[in-house]
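For reference, run_21.cif (mmCIF, C-alpha atoms):
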```
data_entry
#
loop_
_atom_site.label_atom_id
_atom_site.label_comp_id
_atom_site.auth_asym_id
_atom_site.auth_seq_id
_atom_site.Cartn_x
_atom_site.Cartn_y
_atom_site.Cartn_z
CA MET A 1 90.00 62.55 119.01
CA TYR A 2 86.61 60.94 119.28
CA LYS A 3 85.84 58.56 122.14
CA VAL A 4 82.99 56.07 122.07
CA SER A 5 80.54 56.95 124.81
CA ALA A 6 79.43 54.41 127.39
CA ASN A 7 75.87 54.72 126.10
CA ILE A 8 76.92 53.71 122.58
CA LYS A 9 78.81 50.70 123.94
CA ILE A 10 75.93 49.59 126.16
CA PHE A 11 73.40 50.08 123.37
CA SER A 12 75.43 48.17 120.80
CA PHE A 13 76.27 45.27 123.13
CA THR A 14 72.65 45.04 124.23
CA LEU A 15 71.56 44.76 120.61
CA ILE A 16 74.20 42.11 119.95
CA VAL A 17 73.25 39.98 122.97
CA LEU A 18 69.50 40.24 122.41
CA GLY A 19 70.05 39.57 118.73
CA LEU A 20 72.07 36.43 119.43
CA LEU A 21 69.38 35.14 121.78
CA GLY A 22 66.68 35.78 119.19
CA ILE A 23 68.72 34.19 116.40
CA GLY A 24 69.23 31.14 118.57
CA TYR A 25 65.49 30.96 119.23
CA GLY A 26 64.80 31.28 115.51
CA PHE A 27 66.96 28.27 114.70
CA TYR A 28 65.59 26.33 117.68
CA SER A 29 61.98 26.90 116.63
CA ALA A 30 62.58 26.07 112.96
CA PRO A 31 61.35 22.60 111.91
CA LYS A 32 63.90 19.79 112.00
CA THR A 33 61.84 17.21 110.13
CA ILE A 34 59.15 17.11 107.46
CA GLU A 35 56.61 16.03 110.07
CA GLN A 36 57.36 19.11 112.18
CA SER A 37 56.99 21.36 109.14
CA LYS A 38 53.60 19.82 108.33
CA GLU A 39 52.48 20.54 111.89
CA MET A 40 53.68 24.14 111.57
CA VAL A 41 51.82 24.59 108.28
CA SER A 42 48.57 23.39 109.82
CA SER A 43 48.96 25.30 113.10
CA HIS A 44 50.11 28.62 111.62
CA GLY A 45 47.67 28.67 108.74
CA TYR A 46 50.26 28.79 105.98
CA SER A 47 48.99 28.15 102.48
CA SER A 48 49.69 24.66 101.26
CA HIS A 49 51.61 25.78 98.19
CA SER A 50 53.90 28.54 97.03
CA LEU A 51 53.97 30.42 93.77
CA THR A 52 57.69 29.82 93.64
CA ASP A 53 57.04 26.08 93.63
CA SER A 54 56.10 26.06 89.95
CA HIS A 55 57.76 22.72 89.31
CA SER A 56 55.70 21.06 92.02
CA LYS A 57 52.52 22.55 90.59
CA ASP A 58 53.28 21.31 87.11
CA SER A 59 54.18 17.84 88.32
CA HIS A 60 51.01 17.71 90.40
CA SER A 61 48.94 18.41 87.33
CA SER A 62 50.62 15.73 85.28
CA ASP A 63 50.61 13.16 88.07
CA SER A 64 46.99 13.65 89.07
CA SER A 65 45.80 13.47 85.45
CA ASP A 66 46.31 9.71 85.63
CA SER A 67 44.32 8.45 88.60
CA SER A 68 45.83 4.99 88.31
CA ASP A 69 49.34 6.31 88.91
CA SER A 70 49.14 6.52 92.69
CA TYR A 71 52.89 6.16 92.98
CA GLY A 72 53.44 9.36 91.00
CA TYR A 73 50.94 11.22 93.18
CA ASP A 74 52.56 10.02 96.39
CA SER A 75 55.95 10.96 95.02
CA HIS A 76 54.72 14.48 94.29
CA GLU A 77 53.24 14.85 97.77
CA LYS A 78 56.52 13.76 99.29
CA SER A 79 58.44 16.21 97.08
CA HIS A 80 56.06 19.05 97.94
CA ASP A 81 56.26 18.36 101.68
CA GLU A 82 60.04 18.35 101.46
CA HIS A 83 59.94 21.65 99.56
CA VAL A 84 57.77 23.26 102.24
CA PHE A 85 60.07 21.88 104.94
CA HIS A 86 63.07 23.53 103.24
CA GLN A 87 61.20 26.84 103.02
CA LEU A 88 60.34 26.85 106.73
CA ALA A 89 63.83 25.69 107.71
CA ASN A 90 65.29 28.44 105.52
CA ARG A 91 63.54 31.26 107.36
CA PRO A 92 66.10 31.87 110.16
CA TRP A 93 68.92 31.56 107.62
CA ALA A 94 67.20 33.96 105.22
CA ALA A 95 66.50 36.45 108.03
CA LEU A 96 70.17 36.29 109.00
CA TYR A 97 71.29 36.72 105.40
CA VAL A 98 69.00 39.71 104.75
CA ALA A 99 70.33 41.59 107.79
CA ALA A 100 73.95 40.59 107.10
CA PHE A 101 73.78 41.79 103.50
CA PHE A 102 71.89 44.98 104.39
CA PHE A 103 74.53 46.31 106.79
CA PHE A 104 77.35 45.09 104.56
CA MET A 105 75.89 46.96 101.59
CA ILE A 106 75.73 50.19 103.63
CA SER A 107 79.47 49.94 104.18
CA LEU A 108 80.17 49.01 100.55
CA GLY A 109 77.94 51.82 99.26
CA THR A 110 79.80 54.27 101.48
CA LEU A 111 83.13 53.00 100.15
CA ALA A 112 81.98 53.58 96.57
CA PHE A 113 80.76 57.08 97.42
CA TYR A 114 84.06 57.83 99.18
CA ALA A 115 86.03 56.63 96.14
CA ILE A 116 83.93 58.86 93.88
CA GLN A 117 84.77 61.86 96.09
CA ARG A 118 88.46 60.97 95.96
CA ALA A 119 88.57 60.33 92.22
CA SER A 120 86.59 63.47 91.37
CA GLN A 121 88.67 65.52 93.85
CA ALA A 122 85.51 67.06 95.23
CA GLY A 123 86.05 70.17 97.30
CA TRP A 124 82.97 69.99 99.52
CA SER A 125 83.41 66.57 101.14
CA PRO A 126 86.86 66.23 102.83
CA VAL A 127 85.46 67.28 106.23
CA LEU A 128 83.30 64.12 106.00
CA PHE A 129 86.07 61.74 104.93
CA ARG A 130 86.74 60.32 108.38
CA VAL A 131 83.04 59.60 108.87
CA MET A 132 83.06 57.71 105.59
CA GLU A 133 86.23 55.85 106.58
CA GLY A 134 84.60 54.94 109.89
CA ILE A 135 81.57 53.43 108.17
CA THR A 136 83.78 51.45 105.78
CA GLY A 137 85.53 49.96 108.80
CA TYR A 138 82.63 47.50 108.87
CA LEU A 139 83.35 46.30 105.32
CA LEU A 140 85.78 43.46 106.06
CA PRO A 141 84.13 41.95 109.18
CA GLY A 142 80.66 42.43 107.67
CA GLY A 143 81.77 40.89 104.38
CA LEU A 144 83.33 37.90 106.14
CA LEU A 145 80.03 37.26 107.94
CA VAL A 146 78.18 37.30 104.62
CA LEU A 147 80.74 34.87 103.18
CA ALA A 148 80.35 32.65 106.27
CA ILE A 149 76.62 32.31 105.51
CA LEU A 150 77.50 31.45 101.91
CA VAL A 151 79.93 28.78 103.14
CA PHE A 152 77.16 27.26 105.25
CA SER A 153 75.05 27.17 102.09
CA ILE A 154 77.80 25.36 100.19
CA LEU A 155 78.05 22.86 103.07
CA HIS A 156 74.26 22.32 102.80
CA PHE A 157 73.38 23.67 106.23
CA ASN A 158 70.57 25.49 104.45
CA HIS A 159 68.81 25.59 101.08
CA LEU A 160 69.05 29.30 100.30
CA PHE A 161 70.74 28.58 96.96
CA ILE A 162 68.96 25.67 95.30
CA TRP A 163 71.60 25.41 92.57
CA MET A 164 74.08 24.21 95.21
CA ASP A 165 72.12 20.93 95.40
CA PRO A 166 73.59 18.50 92.80
CA GLU A 167 70.31 16.60 92.59
CA VAL A 168 68.40 19.78 91.69
CA VAL A 169 70.99 20.68 89.04
CA GLU A 170 70.80 17.22 87.52
CA HIS A 171 67.04 17.50 86.91
CA ASP A 172 66.89 21.17 85.93
CA LYS A 173 67.98 22.08 82.39
CA ILE A 174 68.12 25.83 83.06
CA ILE A 175 70.34 25.54 86.13
CA LYS A 176 72.44 22.83 84.49
CA ALA A 177 73.17 25.16 81.57
CA LYS A 178 74.55 27.71 84.08
CA SER A 179 76.54 25.17 86.11
CA GLY A 180 79.86 26.33 84.67
CA TYR A 181 79.39 29.69 86.39
CA LEU A 182 77.19 28.55 89.27
CA ASP A 183 79.76 26.19 90.71
CA PRO A 184 79.88 26.32 94.53
CA TYR A 185 83.65 26.60 94.83
CA PHE A 186 84.06 29.02 91.91
CA PHE A 187 81.23 31.00 93.54
CA LEU A 188 83.15 31.15 96.83
CA ILE A 189 86.44 32.06 95.14
CA ARG A 190 84.72 34.95 93.37
CA GLY A 191 83.33 36.12 96.70
CA PHE A 192 86.78 36.27 98.28
CA ILE A 193 88.13 38.12 95.24
CA TYR A 194 85.36 40.73 95.53
CA LEU A 195 85.83 41.24 99.24
CA GLY A 196 89.62 41.11 99.00
CA GLY A 197 89.73 43.81 96.33
CA TRP A 198 87.30 46.11 98.14
CA SER A 199 89.11 45.64 101.47
CA LEU A 200 92.54 46.28 99.95
CA TYR A 201 91.35 49.56 98.50
CA ARG A 202 89.81 50.54 101.81
CA TYR A 203 93.02 49.68 103.68
CA PHE A 204 95.38 51.64 101.41
CA SER A 205 93.05 54.60 100.95
CA ARG A 206 92.62 54.93 104.70
CA LYS A 207 96.39 54.54 105.18
CA PHE A 208 97.15 57.28 102.64
CA SER A 209 94.45 59.53 104.11
CA ILE A 210 95.97 59.39 107.59
CA ALA A 211 99.54 59.68 106.25
CA GLN A 212 98.57 62.84 104.35
CA ASP A 213 97.83 64.56 107.68
CA ASN A 214 101.53 64.44 108.57
CA SER A 215 102.94 64.98 105.10
CA ASN A 216 104.66 68.14 103.84
CA ASP A 217 103.45 67.58 100.26
CA ASN A 218 100.47 66.05 98.47
CA LYS A 219 102.03 62.73 97.47
CA TYR A 220 99.60 60.63 99.53
CA HIS A 221 96.67 62.62 98.18
CA VAL A 222 97.87 61.87 94.64
CA LYS A 223 98.25 58.18 95.49
CA ASN A 224 94.72 58.17 96.89
CA PHE A 225 93.42 59.78 93.73
CA LYS A 226 95.06 57.16 91.52
CA ILE A 227 93.97 54.10 93.48
CA SER A 228 90.44 55.51 93.82
CA ALA A 229 90.12 55.91 90.05
CA GLY A 230 91.37 52.34 89.54
CA PHE A 231 89.14 51.00 92.28
CA LEU A 232 86.00 52.45 90.69
CA VAL A 233 86.64 50.38 87.55
CA PHE A 234 87.13 47.26 89.67
CA PHE A 235 84.07 48.10 91.76
CA LEU A 236 81.71 48.59 88.82
CA ILE A 237 82.56 45.11 87.52
CA THR A 238 82.66 43.23 90.81
CA GLU A 239 79.58 44.91 92.31
CA SER A 240 77.45 43.71 89.40
CA MET A 241 78.91 40.21 89.64
CA MET A 242 78.40 40.19 93.41
CA SER A 243 74.75 41.15 92.88
CA TRP A 244 74.28 38.26 90.47
CA ASP A 245 76.06 35.81 92.76
CA TRP A 246 74.86 36.73 96.22
CA ILE A 247 71.27 37.77 95.47
CA MET A 248 70.04 37.03 91.96
CA SER A 249 71.30 33.43 91.96
CA ILE A 250 68.97 32.64 94.88
CA ASP A 251 66.39 32.46 92.08
CA PRO A 252 68.58 30.94 89.33
CA HIS A 253 65.79 30.73 86.73
CA TRP A 254 65.38 34.51 86.67
CA PHE A 255 67.73 37.25 85.53
CA SER A 256 67.75 40.98 84.89
CA THR A 257 70.38 42.99 83.04
CA LEU A 258 69.56 45.94 85.33
CA PHE A 259 70.05 44.04 88.56
CA GLY A 260 73.62 45.15 89.31
CA TRP A 261 72.68 48.81 88.91
CA TYR A 262 69.53 48.30 90.94
CA VAL A 263 71.48 46.89 93.90
CA PHE A 264 74.08 49.64 93.53
CA ALA A 265 71.39 52.33 93.75
CA SER A 266 70.09 50.75 96.95
CA MET A 267 73.53 50.53 98.56
CA ALA A 268 74.50 54.07 97.43
CA VAL A 269 71.45 55.76 98.96
CA SER A 270 71.79 53.67 102.13
CA GLY A 271 75.48 54.60 102.42
CA VAL A 272 74.93 58.34 101.90
CA THR A 273 72.03 58.28 104.36
CA THR A 274 74.21 56.64 107.01
CA ILE A 275 76.93 59.26 106.45
CA ALA A 276 74.34 61.99 107.07
CA LEU A 277 72.90 60.35 110.19
CA ILE A 278 76.29 59.73 111.82
CA SER A 279 77.50 63.23 110.93
CA ILE A 280 74.41 64.78 112.52
CA TYR A 281 74.87 62.62 115.62
CA LEU A 282 78.54 63.60 115.97
CA LYS A 283 77.71 67.28 115.55
CA SER A 284 75.08 66.98 118.29
CA LYS A 285 77.85 65.73 120.59
CA GLY A 286 80.17 68.64 119.81
CA TYR A 287 82.32 66.96 117.16
CA LEU A 288 82.77 67.90 113.46
CA PRO A 289 82.68 71.68 114.06
CA ASN A 290 83.55 72.36 110.42
CA VAL A 291 80.62 70.36 109.07
CA ASN A 292 77.93 72.95 108.41
CA ASP A 293 74.41 73.15 107.03
CA ASN A 294 75.79 73.24 103.49
CA HIS A 295 77.43 69.82 103.87
CA ILE A 296 74.26 68.32 105.29
CA HIS A 297 72.33 69.99 102.46
CA ASP A 298 74.58 68.28 99.91
CA LEU A 299 74.14 64.90 101.61
CA GLY A 300 70.39 65.52 101.50
CA LYS A 301 70.68 66.18 97.76
CA PHE A 302 72.43 62.85 97.25
CA MET A 303 69.80 61.09 99.38
CA PHE A 304 67.11 62.65 97.18
CA GLY A 305 68.96 61.98 93.92
CA PHE A 306 69.81 58.36 94.64
CA SER A 307 66.22 57.72 95.80
CA VAL A 308 64.96 58.96 92.43
CA PHE A 309 67.67 56.93 90.65
CA TRP A 310 66.63 53.79 92.56
CA THR A 311 63.00 54.39 91.58
CA TYR A 312 63.95 54.84 87.93
CA LEU A 313 65.76 51.49 87.93
CA TRP A 314 62.99 49.76 89.90
CA PHE A 315 60.35 50.96 87.45
CA SER A 316 62.48 50.18 84.38
CA GLN A 317 63.10 46.63 85.57
CA PHE A 318 59.48 46.07 86.56
CA MET A 319 57.86 47.70 83.53
CA LEU A 320 59.98 45.94 80.90
CA ILE A 321 59.54 42.50 82.46
CA TRP A 322 55.84 43.00 83.19
CA TYR A 323 55.09 44.32 79.70
CA SER A 324 56.96 41.51 77.92
CA ASN A 325 55.00 38.97 80.01
CA ILE A 326 57.48 36.14 79.48
CA PRO A 327 56.55 33.44 82.05
CA GLU A 328 60.14 32.70 83.10
CA GLU A 329 60.71 36.40 83.87
CA VAL A 330 57.38 37.71 85.10
CA VAL A 331 56.99 34.98 87.76
CA TYR A 332 59.59 36.92 89.79
CA PHE A 333 57.17 39.81 90.20
CA ILE A 334 54.01 37.71 90.40
CA SER A 335 55.32 35.89 93.47
CA ARG A 336 56.14 39.22 95.13
CA ILE A 337 52.94 41.02 94.18
CA GLU A 338 50.66 38.18 95.28
CA ASP A 339 52.54 36.78 98.27
CA TYR A 340 54.39 39.92 99.43
CA THR A 341 51.83 42.56 98.55
CA LEU A 342 52.40 44.87 101.53
CA PRO A 343 56.23 44.85 101.58
CA PHE A 344 56.42 45.00 97.78
CA TRP A 345 54.22 48.05 97.23
CA GLY A 346 55.04 49.54 100.63
CA MET A 347 58.71 49.54 99.66
CA VAL A 348 57.96 51.79 96.67
CA VAL A 349 56.10 54.26 98.89
CA ILE A 350 58.84 54.27 101.54
CA ASN A 351 61.78 54.41 99.12
CA PHE A 352 60.44 56.95 96.66
CA ILE A 353 57.26 58.81 97.56
CA LEU A 354 58.15 59.70 101.16
CA PRO A 355 61.80 60.72 100.51
CA PHE A 356 60.66 62.69 97.45
CA LEU A 357 58.04 64.64 99.38
CA ILE A 358 60.32 65.23 102.38
CA LEU A 359 63.54 66.13 100.54
CA VAL A 360 62.25 67.95 97.46
CA SER A 361 62.51 71.28 99.30
CA SER A 362 66.00 72.80 99.43
CA ASN A 363 65.24 74.36 102.81
CA PHE A 364 64.24 71.01 104.32
CA LYS A 365 67.67 69.60 103.48
CA ARG A 366 69.20 72.01 106.01
CA VAL A 367 66.96 70.98 108.90
CA TYR A 368 68.70 68.22 110.82
CA TRP A 369 65.63 66.57 112.29
CA ILE A 370 64.04 66.38 108.83
CA ILE A 371 67.17 64.78 107.37
CA THR A 372 67.20 62.36 110.32
CA MET A 373 63.54 61.44 109.80
CA ALA A 374 64.05 61.00 106.05
CA GLY A 375 67.19 58.95 106.70
CA ILE A 376 65.40 56.52 109.03
CA ILE A 377 62.62 56.12 106.46
CA ILE A 378 65.14 55.44 103.69
CA LEU A 379 67.06 52.84 105.71
CA VAL A 380 63.86 51.04 106.69
CA GLY A 381 62.73 51.10 103.08
CA HIS A 382 65.94 49.64 101.75
CA TYR A 383 66.00 46.93 104.38
CA ILE A 384 62.56 45.97 103.02
CA ASP A 385 64.05 46.15 99.52
CA VAL A 386 66.73 43.59 100.44
CA TYR A 387 64.03 41.54 102.19
CA ASN A 388 61.98 41.54 98.98
CA MET A 389 64.98 40.51 96.90
CA ILE A 390 65.87 37.50 99.07
CA MET A 391 62.89 36.18 101.01
CA PRO A 392 60.45 35.22 98.21
CA SER A 393 63.00 32.92 96.57
CA ALA A 394 64.30 31.58 99.89
CA VAL A 395 61.07 30.93 101.84
CA GLY A 396 58.28 31.37 99.29
CA ASP A 397 54.99 32.37 100.89
CA LYS A 398 56.14 31.14 104.33
CA TRP A 399 57.34 34.62 105.25
CA GLY A 400 56.79 36.96 108.15
CA PHE A 401 58.54 39.51 110.32
CA GLY A 402 59.01 38.01 113.74
CA ILE A 403 61.75 37.05 116.14
CA PRO A 404 64.21 35.66 113.52
CA GLU A 405 64.04 38.82 111.41
CA LEU A 406 64.03 41.28 114.31
CA ALA A 407 66.83 39.47 116.15
CA SER A 408 69.04 39.32 113.04
CA LEU A 409 68.46 43.02 112.47
CA MET A 410 69.35 43.79 116.10
CA PHE A 411 72.51 41.67 116.06
CA PHE A 412 73.96 43.18 112.89
CA ALA A 413 72.85 46.70 113.85
CA GLY A 414 74.67 46.36 117.19
CA LEU A 415 77.78 44.97 115.51
CA PHE A 416 77.69 47.71 112.86
CA ILE A 417 77.34 50.50 115.43
CA PHE A 418 80.14 49.14 117.62
CA ILE A 419 82.63 48.63 114.76
CA VAL A 420 81.88 51.96 113.06
CA PHE A 421 82.13 54.08 116.19
CA SER A 422 85.21 52.17 117.35
CA THR A 423 86.85 52.89 113.98
CA LEU A 424 86.10 56.60 114.40
CA THR A 425 88.29 56.64 117.53
CA LYS A 426 91.41 55.52 115.66
CA ALA A 427 92.12 58.75 113.78
CA PRO A 428 91.28 62.45 114.10
CA LEU A 429 87.80 63.27 112.81
CA GLU A 430 89.19 65.90 110.46
CA ALA A 431 91.50 65.10 107.54
CA LYS A 432 93.62 68.20 108.17
CA GLY A 433 96.29 67.31 105.63
CA ASP A 434 93.95 66.97 102.69
CA PRO A 435 94.68 69.78 100.17
CA PHE A 436 90.94 70.42 99.78
CA ASN A 437 90.24 70.55 103.50
CA GLU A 438 90.27 74.35 103.75
CA GLU A 439 87.96 74.62 100.75
CA SER A 440 85.66 72.07 102.37
CA LYS A 441 85.52 74.01 105.65
CA LYS A 442 84.49 77.17 103.77
CA PHE A 443 82.02 75.35 101.53
CA VAL A 444 78.80 77.32 100.93
CA TYR A 445 76.02 76.02 98.71
CA PRO A 446 75.10 78.73 96.16
CA PHE A 447 71.36 79.31 96.13
#
```
For this file, write the structure as structure tokens.
Amino acid sequence: MYKVSANIKIFSFTLIVLGLLGIGYGFYSAPKTIEQSKEMVSSHGYSSHSLTDSHSKDSHSSDSSDSSDSYGYDSHEKSHDEHVFHQLANRPWAALYVAAFFFFMISLGTLAFYAIQRASQAGWSPVLFRVMEGITGYLLPGGLLVLAILVFSILHFNHLFIWMDPEVVEHDKIIKAKSGYLDPYFFLIRGFIYLGGWSLYRYFSRKFSIAQDNSNDNKYHVKNFKISAGFLVFFLITESMMSWDWIMSIDPHWFSTLFGWYVFASMAVSGVTTIALISIYLKSKGYLPNVNDNHIHDLGKFMFGFSVFWTYLWFSQFMLIWYSNIPEEVVYFISRIEDYTLPFWGMVVINFILPFLILVSSNFKRVYWIITMAGIIILVGHYIDVYNMIMPSAVGDKWGFGIPELASLMFFAGLFIFIVFSTLTKAPLEAKGDPFNEESKKFVYPF
């Protein structure tokens, strides 16, 4: 049985405490009034407008065209100042949400990968099942934290989702047309359905996996196979809907039919990468003796493959929207290219070019320090990916990477590490009863 080391506990609790302090500072330093936000804009050198504030720009043009209508101009200035105030006040919330979703999606991506192994009855992966089950232990608590942030949005503690403001909906034809689906309480109910379904599968699959260790037949393995096949159907539907709800609806004027797959690719590569990193760590501590270079090689192949898959979807989404040049669609990328130039293009380099160059060699996939280096690069890159999906619509051009972002990352990283490694202690690290376990221990990749 695995035991969490004192160093892991100290490290995770240190991250949690420092993260909480930084999160508190982020909320404390955020503007509380429009006057404070105006002072911040002038003192920090923020630009006076945001590309995402297209409605303000249009109204400014129409108001200022009639110099006698001073009331209209003053009204626009007031509206613009309020918009900037919401962007600055959103920053600590957005930083919290980015980190919360990032670590949650690692767990969800791992769960999907685990279900695929179960449903396909793969022979190479059973020696890694308990690592996967450990990572998915974060799914329920991590998902509840994401839902808590969404509840705060519904209660108007923040303005991450502008469609939750009835006044905005009333004056926006596009959002109003979607109000049947983008209803705050229907939105929350859907969220609990998603998380409830994923968590139920995780609970029963884990239960059957452990029960199989002490079983004289394969009945629990068969049950796991059946519920995994059913879960994958449920997952494919709910993951796309979750992507629309929890990320794409932050910018309710924009949509992409590829978005659900795009988010899935990001969570899949992040999940597989985390499996590889934790497996390598456990092996370095004398655990997982039956995990060999061939298993790490296969994980490296999935890291490589999902990185290429993510790039294919990123390029397809970008190219089709950019080529069509429809204003309502292309503004999504214009705001990111112009206001988020470094994270936007840097993400492509980190998520595709570097993993491709590092992992293209079959021999490199067997070298643990190379897999570790590639894994860290991939996780950093996909954190930036989530950052790019959320921040531009939440804070406009008032972005940065400072204490709120770093503290949120530290808090959720500490919580993730503590929960995952604690879960690993609750069952043997080898699924000895799995009928494919012996095949997995003898697995050799054919060159």
Requested in this report: Pick out the closest residue to Gly22 in chain A from this set: A:Ile162, A:Leu424, A:Ile403, A:Val4. Count only C-alpha atoms.
Outcome: A:Ile403
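Picture a line from CA of Lys365 in chain A to CA of Gly300 in chain A; it runs 5.3 Å.
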Query - the PyMOL selection byres ((chain A and resi 332) around 10) resolved against shown file, as a PyMOL selection string - result: chain A and resi 51-52+251+253-255+318+321-322+327-331+333-337+389+392-393
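Taking CA of Thr110 in chain A as the reference point, CA of Leu232 in chain A is found at 12.6 Å.
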Requested in this report: Excluding Leu140 in chain A and any residue of its chain fewer than 2 positions from it, enumerate the residues within 9 Å of it, using all atoms listed in the file, and give them as a PyMOL selection string.
Outcome: chain A and resi 104+136-138+142-145+195-196+198-199
**Report entry** Computed interatomic separation between CA of Leu236 in chain A and CA of Tyr201 in chain A (Å)
**Finding:** 13.7 Å
**Report entry** Picked residues, the PyMOL selection byres ((chain A and resi 405-411) around 7), expected as a ChimeraX atom specification
**Finding:** /A:15-16,18-20,22-23,95-96,99,401-404,412-415
Requested in this report: Between A:Ile280, A:Ser153, A:Trp163, A:Met241, single out the one closest to Ile193 in chain A, counting only C-alpha atoms.
Outcome: A:Met241
Report task. Just say which residues the PyMOL selection byres ((chain A and resi 179) around 12) picks in this file, as a count of residues only. Result -> 25
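With all atoms listed in the file as the basis for measurement, A:Asn90 is the residue among A:Asn90, A:Ser284, A:Asn218, A:Gln212 that approaches Phe157 in chain A most closely.
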Requested in this report: Find, counting all atoms listed in the file, the residue in A:Glu338, A:Glu438, A:Glu430, A:Asp217 that gets nearest to Asp397 in chain A.
Outcome: A:Glu338
Requested in this report: Please identify all polymer residues within 10 Å of Ala427 in chain A, counting only C-alpha atoms, omitting same-chain residues fewer than 5 positions from it, and present them as a PyMOL selection string.
Outcome: chain A and resi 1-2+130+133-134+206+209-210
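Here the selection is built from only C-alpha atoms, and the residues within 7 Å of (70.4, 58.7, 106.4) turn out to be Ser270, Val272, Thr273, Thr274, Ile275, Ala276, Leu277, Ile371, Thr372, Ala374, Gly375, Ile376, Ile378 and Leu379 of chain A.
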C-alpha atoms of the current selection, written as a short mmCIF file (atom, residue, chain, number, x, y, z; two decimals), in the coordinates of the input:
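This is the output file selection_36.cif:
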```cif
data_model
loop_
_atom_site.label_atom_id
_atom_site.label_comp_id
_atom_site.auth_asym_id
_atom_site.auth_seq_id
_atom_site.Cartn_x
_atom_site.Cartn_y
_atom_site.Cartn_z
CA SER A 270 71.79 53.67 102.13
CA VAL A 272 74.93 58.34 101.90
CA THR A 273 72.03 58.28 104.36
CA THR A 274 74.21 56.64 107.01
CA ILE A 275 76.93 59.26 106.45
CA ALA A 276 74.34 61.99 107.07
CA LEU A 277 72.90 60.35 110.19
CA ILE A 371 67.17 64.78 107.37
CA THR A 372 67.20 62.36 110.32
CA ALA A 374 64.05 61.00 106.05
CA GLY A 375 67.19 58.95 106.70
CA ILE A 376 65.40 56.52 109.03
CA ILE A 378 65.14 55.44 103.69
CA LEU A 379 67.06 52.84 105.71
#
```
Query raised in the report: In terms of the shortest atom-to-atom distance over only C-alpha atoms, which of A:Phe235, A:Phe356, A:Phe204, A:Phe416 is closest to Lys301 in chain A?
Result: A:Phe356
Starting from 5 Å padding per side, set up an axis-aligned box that covers all listed atoms of range 88-100 of chain A and hand over centre and edge lengths in Å, one decimal, as lines of an AutoDock Vina configuration file.
```
center_x = 67.1
center_y = 33.6
center_z = 107.5
size_x = 23.6
size_y = 25.9
size_z = 15.4
```
Requested in this report: Just give me the residues with any atom within 12 Å of (67.4, 52.0, 90.3), file coordinates, counting all atoms listed in the file, written as a PyMOL selection string.
Outcome: chain A and resi 257-269+305-318+348+351-352+382+385
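Closest approach to Ser12 in chain A among A:Asn437, A:Pro446, A:Ile417, A:Thr423 is made by A:Ile417 (distances from only C-alpha atoms).
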Because some atoms of range 405-416 of chain A are absent here, can you restore N, CA and C atoms and send them as a compact mmCIF listing (two decimals), in the coordinates of the input?
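The file below, part26.txt, is the result:
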```
# COMPACT_ATOMS: atom_id res chain seq x y z
N GLU A 405 63.70 37.62 112.18
CA GLU A 405 64.04 38.82 111.41
C GLU A 405 64.48 39.96 112.32
N LEU A 406 63.71 40.20 113.39
CA LEU A 406 64.03 41.28 114.31
C LEU A 406 65.36 41.03 115.02
N ALA A 407 65.59 39.80 115.44
CA ALA A 407 66.83 39.47 116.15
C ALA A 407 68.04 39.61 115.24
N SER A 408 67.93 39.18 113.99
CA SER A 408 69.04 39.32 113.04
C SER A 408 69.35 40.79 112.80
N LEU A 409 68.29 41.58 112.67
CA LEU A 409 68.46 43.02 112.47
C LEU A 409 69.15 43.64 113.68
N MET A 410 68.75 43.25 114.89
CA MET A 410 69.35 43.79 116.10
C MET A 410 70.82 43.39 116.21
N PHE A 411 71.13 42.14 115.93
CA PHE A 411 72.51 41.67 116.06
C PHE A 411 73.44 42.44 115.13
N PHE A 412 73.08 42.52 113.85
CA PHE A 412 73.96 43.18 112.89
C PHE A 412 73.97 44.70 113.08
N ALA A 413 72.86 45.27 113.55
CA ALA A 413 72.85 46.70 113.85
C ALA A 413 73.80 47.00 115.00
N GLY A 414 73.76 46.17 116.06
CA GLY A 414 74.67 46.36 117.19
C GLY A 414 76.12 46.21 116.79
N LEU A 415 76.41 45.20 115.97
CA LEU A 415 77.78 44.97 115.51
C LEU A 415 78.25 46.13 114.63
N PHE A 416 77.37 46.59 113.75
CA PHE A 416 77.69 47.71 112.86
C PHE A 416 78.00 48.97 113.67
```
